[in-house]
Amino acid sequence: MAAPYKTVRIQNRRYLGNKYKLLPLITKVVREECERVHTVADIFAGTGAVASAFTDKKLITNDNLYSNYICHEAWFGGESYSEDKIIDLITAYNSRKVREDNYMSRNFADTYFSLEDCRKIGWIREDIEEKYRKGELTGRERALLITSLLYGMDKIANTCGHYDAYRQGAAFERHLELAVPKPEGDLNAHNVCYHMDANELAEHLEADLIYLDPPYNSRQYCDAYHLLENVARWDRPKVLGAAKKMDRTDLKSDYCTQRAKAALERLVDTVHGRYILLSYNNMAEKGNDRSNAKITDEEILRILRKKGTVKVFEEDYRAFSAGKSEIRGHKERLFLCTCRESGKAVIPSALNYTGGKYKLLPQLLPLFPEQIDQAVDLFCGGCNVGINLDCERVWFNDSNEALTGLLKTFQKLPKEEIFGWLFEQIKSYGLSLTCEYGYGYYGCESGAGLGAFNRAAYYRLRADFNRKTEKDAAYYLMLYLLIVYSFNNQIRFNKKGAFNLPVGKRDFNLRMQKKLGAFLDRLKNGDYQFMNQDFRQFSLDGFTKDSFFYVDPPYLITCAAYNEQTGWTEQDERDLLAFLEELHGRGIRFALSNVLESKGKKNRILEAWIGKNEQFRAIPLSYDYSNSNYHTRRDGVTREILVTNYRSDPAKEAEKGS
């Protein structure tokens with residue numbers, strides 16, 4: 001029988017400005033005032049209390065304190081973990097007796113914690129880190145154990161609620177006991193937790209609802225929680241003064257200074273969302289100088305009204321005053337801004353995939369349904385269409401395993417890690433980087449390209465890639481690097497599975513970097529799933545009349561890289577059309593991209609199918625694929641169409657036609 005253990009929930013922590021008691025008002029406002037909220041970003045998340053009210057959504061959390069960020073990873077992270085392992089370790093930690101001194105006991109004994117508890121805290125924290133270094137813990141398991149330790153410390157700390165000071169002469173009556181954190185079940189596997197300055201994150205952020213809860217006054221959170229931050233980071237720095245604080249210069253927030261108004265204005269101007277919900281109190285003139293709010297109501301309203309229409313909601317709220325005074329009439333307010341420009345910015349794929357529809361998006365997007373719960377990009381290719389759909393979830397499917405593996409790697413790894421790896425390999429292989437050195441440095445001209453310089457290095461990279469047997473993150477990042485430096489930035493494997501494109505003319509220039517950066521940001525901001533299935537085996541369970549399938553198969557009458565080997569046969573074409581009929585029979589909406597005629601060839605199968613199914617509409621599209629990297633010239637008539645089984649908005653069709 002397992003030993004008994006205690007559990008802990010996200011709300012079981014003391015924290016300045018914690019909004020847990022305000023959640024009924026916050027959720028009521030969102031429920032009654034906001035539509036189609038699928039992604040929620042809480043970018044001054046603190047303990048994560050507000051984010052915890054939206055665990056049925058895709059969550060993006062952020063905090064500049066690592067001690068908060070690591071807890072977000074525990075409460076909201078998508079990585080699986082062994083609860084039994086966590087229980088066994090916490091049980092062992094609780095029974096552990098530590099008699100040796102360590103960083104914690106040497107610096108903090110009998111201040112915030114007793115000597116006995118300091119020894120135990122230091123030993124546990126080091127053991128967590130050692131197990132993680134040895135690979136005995138996953139990142140999520142490490143986060144859960146650190147969270148358990150931080151919550152356990154906070155429960156017994158000899159303070160009045162924060163760590164600006166400890167109580168002199170207090171008896172240490174309570175001792176450290178860790179509890180097992182209990183995150184909510186069924187979290188979105190693609191929740192993202194950031195640890196960065198909120199204003200820097202805002203430049204890369206998109207969400208349906210962006211919740212802002214910045215510091216209100218002069219009280220810096222890094223001063224109030226320096227000890228928890230120290231233990232979470234575990235850099236073991238030198239501590240100074242009676243309060244035993246580490247250097248916190250890099251953690252100071254502009255929102256606690258006279259720069260607060262300018263910081264909020266920059267953030268609101270930059271961030272991209274359907275709704276902005278801002279918490280701010282009315283302490284402008286009610287407390288002492290340190291407690292007074294840094295931004296007035298008039299300034300908040302002016303800043304938000306530049307972005308959209310604003311409503312204000314308020315609720316009585318007890319202000320923190322360190323027990324020295326009672327502040328009456330204190331209210332917490334919610335400023336809800338419905339943004340005027342709330343749609344997603346249209347971005348290109350990071351991949352220059354053959355047949356990509358980026359240039360057709362101005363025609364396609366107005367023809368798609370407005371209300372979509374989940375969408376499927378059935379032959380996703382470079383994801384140009386699916387990545388620009390505005391819906392709750394997008395399923396990307398493609399039969400090319402190398403492609404979907406690369407996209408999953410993009411989704412999983414932090415953007416900084418991806419860019420860092422790419423630049424390191426470019427340098428290691430001796431490939432060109434004209435954005436830094438220019439063409440002249442490599443003895444090349446832009447017109448002729450960089451193939452002559454990069455040829456040897458590129459073929460060495462290609463050979464190393466083709467020798468790799470493990471399809472890990474490095475494999476897929478090497479594939480992307482090959483694509484960048486290959487002929488026309490394409491993907492092509494021979495029958496033996498080897499990448500076989502020759503060297504190209506360009507390199508990882510600023511344009512490619514910008515496309516990759518925006519694409520990676522979008523992957524982190526949205527709820528995207530990647531699949532690698534033949535369309536004939538694609539399950540339709542869970543899709544309804546509110547769902548949407550975008551279907552862009554290989555074209556039967558054209559020649560492209562994806563048709564070079566097994567190709568797309570007439571039987572494939574018939575099977576796909578039968579699949580679309582099944583979608584229609586289930587009441588699921590679809591849009592099929594295809595061509596009826598190209599270079600004197602006609603798709604008789606498609607033409608007959610459209611004629612037979614009068615309930616479907618064939619909408620002609622303007623054909624323009626200049627610079628789209630097909631091998632052949634496009635002489636003659638090409639009739640590109642979009643076939644739908646629903647009626648789109650006539651006004652939007654007129655807009656497309658214009």
# chains A, B, ... in the order shown; residues from 1 in each chain; ligands from 1

$ select_by_dssp --residues "segment 81-135 of chain A" --states "helix (DSSP H, G or I)" --output "PyMOL selection string"
chain A and resi 83-95+103-108+115-133

$ residues_around --residues "Cys380 of chain A" --least-positions-apart "3" --cutoff "7 Å" --atoms "only C-alpha atoms" --output "list in words"
Asp377, Cys383, Phe396, Asn397 and Asp398 of chain A

$ residues_around --residues "Thr27 of chain A" --least-positions-apart "5" --cutoff "10 Å" --atoms "only C-alpha atoms" --output "ChimeraX atom specification"
/A:22,32-33,50,53-54

$ residues_around --residues "Ile483 of chain A" --least-positions-apart "4" --cutoff "12 Å" --atoms "only C-alpha atoms" --output "VMD selection string"
chain A and resid 350 to 353 402 to 403 406 458 461 to 462 465 476 to 479 487 to 493 499 to 508 512

$ closest_residue --among "A:Phe549, A:Tyr459, A:Phe423, A:Tyr528" --to "Thr404 of chain A" --atoms "only C-alpha atoms"
A:Tyr528

$ select_by_dssp --residues "segment 194-433 of chain A" --states "strand (DSSP E)" --output "PyMOL selection string"
chain A and resi 194+206-212+272-281+308-316+331-339+374-377+393-397

$ atom_distance --atom1 "atom CA of Ala375 of chain A" --atom2 "atom CA of Pro362 of chain A"
18.5 Å

$ closest_residue --among "A:Ile276, A:Ala345, A:Ala456, A:Leu365" --to "Lys311 of chain A" --atoms "only C-alpha atoms"
A:Ile276

$ closest_residue --among "A:Asp373, A:Glu203, A:Asp541, A:Asp254" --to "Val268 of chain A" --atoms "only C-alpha atoms"
A:Glu203

$ residues_around --residues "segment 139-152 of chain A" --least-positions-apart "3" --cutoff "9 Å" --atoms "only C-alpha atoms" --output "ChimeraX atom specification"
/A:8,12-14,67-68,70-75,77-83,85-86,89-90,121,124-125,128-129,131-132,155-157,176-181,228,231-232

$ write_last_selection --atoms "N, CA and C atoms" --output "compact mmCIF listing (two decimals), in the first residue's frame"
# COMPACT_ATOMS: atom_id res chain seq x y z
N VAL A 8 -1.46 19.41 -3.61
CA VAL A 8 -1.52 20.87 -3.64
C VAL A 8 -2.08 21.31 -4.99
N ASN A 12 -3.11 27.29 -4.01
CA ASN A 12 -2.63 27.16 -2.64
C ASN A 12 -1.29 27.86 -2.42
N ARG A 13 -1.21 29.11 -2.84
CA ARG A 13 0.02 29.87 -2.67
C ARG A 13 -0.30 31.33 -2.42
N ARG A 14 0.42 31.92 -1.47
CA ARG A 14 0.27 33.35 -1.20
C ARG A 14 1.04 34.14 -2.25
N SER A 67 10.72 31.64 -11.12
CA SER A 67 9.99 30.89 -10.10
C SER A 67 8.51 30.77 -10.45
N ASN A 68 7.96 31.72 -11.18
CA ASN A 68 6.59 31.60 -11.66
C ASN A 68 6.53 30.77 -12.94
N ILE A 70 8.44 28.33 -13.96
CA ILE A 70 8.61 26.89 -13.75
C ILE A 70 7.35 26.28 -13.18
N CYS A 71 6.59 27.05 -12.41
CA CYS A 71 5.29 26.57 -11.92
C CYS A 71 4.28 26.48 -13.06
N HIS A 72 4.33 27.42 -14.00
CA HIS A 72 3.44 27.34 -15.16
C HIS A 72 3.71 26.06 -15.94
N GLU A 73 4.99 25.71 -16.11
CA GLU A 73 5.33 24.47 -16.80
C GLU A 73 4.72 23.27 -16.08
N ALA A 74 4.70 23.33 -14.75
CA ALA A 74 4.11 22.23 -13.97
C ALA A 74 2.60 22.18 -14.13
N TRP A 75 1.94 23.34 -14.00
CA TRP A 75 0.48 23.36 -14.01
C TRP A 75 -0.11 23.24 -15.41
N GLY A 77 1.90 22.69 -18.61
CA GLY A 77 2.73 22.10 -19.65
C GLY A 77 2.05 20.91 -20.31
N GLY A 78 2.37 20.68 -21.57
CA GLY A 78 1.74 19.60 -22.31
C GLY A 78 2.50 18.29 -22.26
N GLU A 79 3.72 18.31 -21.72
CA GLU A 79 4.53 17.09 -21.69
C GLU A 79 3.95 16.10 -20.69
N SER A 80 3.91 14.82 -21.06
CA SER A 80 3.41 13.80 -20.14
C SER A 80 4.43 13.58 -19.02
N TYR A 81 3.98 13.00 -17.91
CA TYR A 81 4.86 12.74 -16.78
C TYR A 81 4.33 11.54 -16.00
N SER A 82 5.20 10.99 -15.17
CA SER A 82 4.82 9.86 -14.33
C SER A 82 4.39 10.37 -12.96
N GLU A 83 3.12 10.30 -12.68
CA GLU A 83 2.64 10.74 -11.36
C GLU A 83 3.21 9.83 -10.27
N LYS A 85 6.10 8.43 -10.19
CA LYS A 85 7.47 8.86 -9.91
C LYS A 85 7.47 10.10 -9.01
N ILE A 86 6.58 11.05 -9.31
CA ILE A 86 6.50 12.27 -8.50
C ILE A 86 6.10 11.93 -7.07
N LEU A 89 9.08 10.22 -5.21
CA LEU A 89 10.16 11.15 -4.86
C LEU A 89 9.74 12.09 -3.74
N ILE A 90 8.52 12.61 -3.81
CA ILE A 90 8.07 13.53 -2.76
C ILE A 90 7.96 12.80 -1.43
N ILE A 121 15.83 21.95 2.30
CA ILE A 121 15.49 22.65 1.05
C ILE A 121 16.66 22.57 0.08
N ILE A 124 17.20 18.92 -1.25
CA ILE A 124 16.16 18.52 -2.21
C ILE A 124 16.36 19.22 -3.55
N ARG A 125 16.63 20.52 -3.49
CA ARG A 125 16.78 21.27 -4.75
C ARG A 125 17.95 20.75 -5.57
N ILE A 128 17.00 17.33 -7.15
CA ILE A 128 16.16 17.50 -8.34
C ILE A 128 17.02 17.81 -9.56
N GLU A 129 17.95 18.75 -9.37
CA GLU A 129 18.79 19.16 -10.50
C GLU A 129 19.70 18.03 -10.95
N LYS A 131 19.18 14.78 -10.68
CA LYS A 131 18.38 13.77 -11.39
C LYS A 131 18.02 14.25 -12.80
N TYR A 132 17.75 15.53 -12.95
CA TYR A 132 17.43 16.07 -14.27
C TYR A 132 18.65 16.01 -15.19
N LYS A 155 4.60 27.90 2.34
CA LYS A 155 3.62 27.60 3.39
C LYS A 155 4.19 27.78 4.79
N ILE A 156 5.50 27.60 4.95
CA ILE A 156 6.09 27.68 6.29
C ILE A 156 7.00 28.88 6.48
N ALA A 157 7.13 29.74 5.46
CA ALA A 157 8.10 30.84 5.52
C ALA A 157 7.80 31.79 6.67
N LEU A 176 9.13 21.88 6.85
CA LEU A 176 8.88 21.62 5.44
C LEU A 176 8.21 20.27 5.21
N GLU A 177 7.13 20.30 4.47
CA GLU A 177 6.46 19.09 4.01
C GLU A 177 5.98 19.33 2.59
N LEU A 178 6.47 18.53 1.66
CA LEU A 178 6.09 18.71 0.27
C LEU A 178 4.77 17.98 -0.02
N ALA A 179 4.01 18.56 -0.93
CA ALA A 179 2.76 17.95 -1.39
C ALA A 179 2.85 17.69 -2.88
N VAL A 180 2.06 16.77 -3.37
CA VAL A 180 2.07 16.40 -4.78
C VAL A 180 1.19 17.36 -5.58
N PRO A 181 1.77 18.10 -6.54
CA PRO A 181 0.95 19.01 -7.36
C PRO A 181 -0.05 18.21 -8.20
N LEU A 228 12.41 32.72 -3.35
CA LEU A 228 11.84 31.66 -4.19
C LEU A 228 12.50 31.67 -5.57
N VAL A 231 15.91 29.95 -5.29
CA VAL A 231 15.81 28.49 -5.22
C VAL A 231 15.38 27.90 -6.56
N ALA A 232 14.46 28.57 -7.24
CA ALA A 232 14.00 28.06 -8.54
C ALA A 232 15.13 28.06 -9.56

$ decode --residues "segment 203-240 of chain A" --atoms "N, CA and C atoms" --output "PDB file, in the first residue's frame"
ATOM      1  N   GLU A 203       5.547  41.383 -29.176  1.00  0.00           N
ATOM      2  CA  GLU A 203       5.897  41.535 -30.590  1.00  0.00           C
ATOM      3  C   GLU A 203       5.648  40.259 -31.390  1.00  0.00           C
ATOM      4  N   HIS A 204       5.580  39.117 -30.691  1.00  0.00           N
ATOM      5  CA  HIS A 204       5.445  37.825 -31.378  1.00  0.00           C
ATOM      6  C   HIS A 204       4.142  37.116 -31.021  1.00  0.00           C
ATOM      7  N   LEU A 205       3.234  37.814 -30.358  1.00  0.00           N
ATOM      8  CA  LEU A 205       2.072  37.163 -29.764  1.00  0.00           C
ATOM      9  C   LEU A 205       0.800  37.387 -30.561  1.00  0.00           C
ATOM     10  N   GLU A 206       0.031  36.315 -30.722  1.00  0.00           N
ATOM     11  CA  GLU A 206      -1.324  36.361 -31.251  1.00  0.00           C
ATOM     12  C   GLU A 206      -2.190  35.489 -30.354  1.00  0.00           C
ATOM     13  N   ALA A 207      -3.374  35.968 -29.984  1.00  0.00           N
ATOM     14  CA  ALA A 207      -4.313  35.156 -29.207  1.00  0.00           C
ATOM     15  C   ALA A 207      -5.693  35.775 -29.331  1.00  0.00           C
ATOM     16  N   ASP A 208      -6.705  34.958 -29.095  1.00  0.00           N
ATOM     17  CA  ASP A 208      -8.065  35.502 -29.119  1.00  0.00           C
ATOM     18  C   ASP A 208      -8.286  36.440 -27.942  1.00  0.00           C
ATOM     19  N   LEU A 209      -7.840  36.018 -26.756  1.00  0.00           N
ATOM     20  CA  LEU A 209      -7.969  36.834 -25.543  1.00  0.00           C
ATOM     21  C   LEU A 209      -6.594  37.011 -24.926  1.00  0.00           C
ATOM     22  N   ILE A 210      -6.200  38.261 -24.742  1.00  0.00           N
ATOM     23  CA  ILE A 210      -4.924  38.565 -24.100  1.00  0.00           C
ATOM     24  C   ILE A 210      -5.224  39.232 -22.768  1.00  0.00           C
ATOM     25  N   TYR A 211      -4.868  38.552 -21.684  1.00  0.00           N
ATOM     26  CA  TYR A 211      -5.127  39.060 -20.335  1.00  0.00           C
ATOM     27  C   TYR A 211      -3.865  39.739 -19.810  1.00  0.00           C
ATOM     28  N   LEU A 212      -4.016  40.976 -19.360  1.00  0.00           N
ATOM     29  CA  LEU A 212      -2.893  41.758 -18.854  1.00  0.00           C
ATOM     30  C   LEU A 212      -3.123  42.080 -17.382  1.00  0.00           C
ATOM     31  N   ASP A 213      -2.163  41.728 -16.551  1.00  0.00           N
ATOM     32  CA  ASP A 213      -2.221  42.037 -15.124  1.00  0.00           C
ATOM     33  C   ASP A 213      -0.846  42.527 -14.683  1.00  0.00           C
ATOM     34  N   PRO A 214      -0.433  43.695 -15.198  1.00  0.00           N
ATOM     35  CA  PRO A 214       0.914  44.190 -14.878  1.00  0.00           C
ATOM     36  C   PRO A 214       0.988  44.659 -13.431  1.00  0.00           C
ATOM     37  N   PRO A 215       2.191  44.796 -12.886  1.00  0.00           N
ATOM     38  CA  PRO A 215       2.325  45.406 -11.557  1.00  0.00           C
ATOM     39  C   PRO A 215       1.683  46.788 -11.551  1.00  0.00           C
ATOM     40  N   TYR A 216       1.075  47.162 -10.415  1.00  0.00           N
ATOM     41  CA  TYR A 216       0.352  48.441 -10.338  1.00  0.00           C
ATOM     42  C   TYR A 216       1.178  49.558  -9.719  1.00  0.00           C
ATOM     43  N   ASN A 217       2.121  49.190  -8.838  1.00  0.00           N
ATOM     44  CA  ASN A 217       2.770  50.217  -8.026  1.00  0.00           C
ATOM     45  C   ASN A 217       4.274  49.998  -7.965  1.00  0.00           C
ATOM     46  N   SER A 218       4.918  50.620  -6.995  1.00  0.00           N
ATOM     47  CA  SER A 218       6.383  50.601  -6.930  1.00  0.00           C
ATOM     48  C   SER A 218       6.953  49.305  -6.368  1.00  0.00           C
ATOM     49  N   ARG A 219       6.119  48.415  -5.898  1.00  0.00           N
ATOM     50  CA  ARG A 219       6.604  47.182  -5.259  1.00  0.00           C
ATOM     51  C   ARG A 219       7.050  46.176  -6.328  1.00  0.00           C
ATOM     52  N   GLN A 220       8.338  46.006  -6.454  1.00  0.00           N
ATOM     53  CA  GLN A 220       8.888  45.085  -7.442  1.00  0.00           C
ATOM     54  C   GLN A 220       8.699  43.635  -6.975  1.00  0.00           C
ATOM     55  N   TYR A 221       8.162  42.803  -7.838  1.00  0.00           N
ATOM     56  CA  TYR A 221       7.919  41.409  -7.474  1.00  0.00           C
ATOM     57  C   TYR A 221       9.226  40.652  -7.242  1.00  0.00           C
ATOM     58  N   CYS A 222      10.287  41.033  -7.917  1.00  0.00           N
ATOM     59  CA  CYS A 222      11.556  40.347  -7.704  1.00  0.00           C
ATOM     60  C   CYS A 222      12.121  40.628  -6.317  1.00  0.00           C
ATOM     61  N   ASP A 223      11.732  41.771  -5.698  1.00  0.00           N
ATOM     62  CA  ASP A 223      12.125  42.048  -4.315  1.00  0.00           C
ATOM     63  C   ASP A 223      11.301  41.218  -3.343  1.00  0.00           C
ATOM     64  N   ALA A 224      10.015  41.079  -3.650  1.00  0.00           N
ATOM     65  CA  ALA A 224       9.108  40.377  -2.747  1.00  0.00           C
ATOM     66  C   ALA A 224       9.328  38.865  -2.770  1.00  0.00           C
ATOM     67  N   TYR A 225       9.844  38.334  -3.898  1.00  0.00           N
ATOM     68  CA  TYR A 225       9.967  36.874  -4.036  1.00  0.00           C
ATOM     69  C   TYR A 225      11.372  36.446  -4.424  1.00  0.00           C
ATOM     70  N   HIS A 226      12.375  37.218  -4.007  1.00  0.00           N
ATOM     71  CA  HIS A 226      13.764  36.930  -4.373  1.00  0.00           C
ATOM     72  C   HIS A 226      14.215  35.555  -3.909  1.00  0.00           C
ATOM     73  N   LEU A 227      13.769  35.126  -2.726  1.00  0.00           N
ATOM     74  CA  LEU A 227      14.243  33.844  -2.201  1.00  0.00           C
ATOM     75  C   LEU A 227      13.683  32.671  -3.009  1.00  0.00           C
ATOM     76  N   LEU A 228      12.406  32.716  -3.348  1.00  0.00           N
ATOM     77  CA  LEU A 228      11.842  31.660  -4.190  1.00  0.00           C
ATOM     78  C   LEU A 228      12.499  31.670  -5.570  1.00  0.00           C
ATOM     79  N   GLU A 229      12.786  32.860  -6.068  1.00  0.00           N
ATOM     80  CA  GLU A 229      13.466  32.980  -7.362  1.00  0.00           C
ATOM     81  C   GLU A 229      14.861  32.360  -7.289  1.00  0.00           C
ATOM     82  N   ASN A 230      15.550  32.592  -6.197  1.00  0.00           N
ATOM     83  CA  ASN A 230      16.889  32.046  -5.991  1.00  0.00           C
ATOM     84  C   ASN A 230      16.851  30.517  -6.014  1.00  0.00           C
ATOM     85  N   VAL A 231      15.912  29.947  -5.287  1.00  0.00           N
ATOM     86  CA  VAL A 231      15.814  28.485  -5.215  1.00  0.00           C
ATOM     87  C   VAL A 231      15.385  27.898  -6.558  1.00  0.00           C
ATOM     88  N   ALA A 232      14.457  28.570  -7.240  1.00  0.00           N
ATOM     89  CA  ALA A 232      13.995  28.059  -8.536  1.00  0.00           C
ATOM     90  C   ALA A 232      15.126  28.057  -9.557  1.00  0.00           C
ATOM     91  N   ARG A 233      15.873  29.150  -9.635  1.00  0.00           N
ATOM     92  CA  ARG A 233      16.976  29.235 -10.607  1.00  0.00           C
ATOM     93  C   ARG A 233      18.131  28.318 -10.216  1.00  0.00           C
ATOM     94  N   TRP A 234      18.442  28.281  -8.959  1.00  0.00           N
ATOM     95  CA  TRP A 234      19.506  27.454  -8.381  1.00  0.00           C
ATOM     96  C   TRP A 234      20.871  27.734  -9.004  1.00  0.00           C
ATOM     97  N   ASP A 235      21.128  29.043  -9.200  1.00  0.00           N
ATOM     98  CA  ASP A 235      22.461  29.466  -9.612  1.00  0.00           C
ATOM     99  C   ASP A 235      23.367  29.679  -8.405  1.00  0.00           C
ATOM    100  N   ARG A 236      22.781  29.703  -7.208  1.00  0.00           N
ATOM    101  CA  ARG A 236      23.475  29.870  -5.929  1.00  0.00           C
ATOM    102  C   ARG A 236      24.364  31.116  -5.891  1.00  0.00           C
ATOM    103  N   PRO A 237      23.772  32.273  -6.143  1.00  0.00           N
ATOM    104  CA  PRO A 237      24.546  33.514  -6.159  1.00  0.00           C
ATOM    105  C   PRO A 237      24.863  34.011  -4.738  1.00  0.00           C
ATOM    106  N   LYS A 238      25.731  34.986  -4.667  1.00  0.00           N
ATOM    107  CA  LYS A 238      26.009  35.665  -3.409  1.00  0.00           C
ATOM    108  C   LYS A 238      24.780  36.469  -3.003  1.00  0.00           C
ATOM    109  N   VAL A 239      24.446  36.476  -1.703  1.00  0.00           N
ATOM    110  CA  VAL A 239      23.301  37.250  -1.216  1.00  0.00           C
ATOM    111  C   VAL A 239      23.808  38.333  -0.272  1.00  0.00           C
ATOM    112  N   LEU A 240      23.072  39.437  -0.221  1.00  0.00           N
ATOM    113  CA  LEU A 240      23.527  40.624   0.502  1.00  0.00           C
ATOM    114  C   LEU A 240      22.442  41.163   1.416  1.00  0.00           C
TER     115      LEU A 240
END
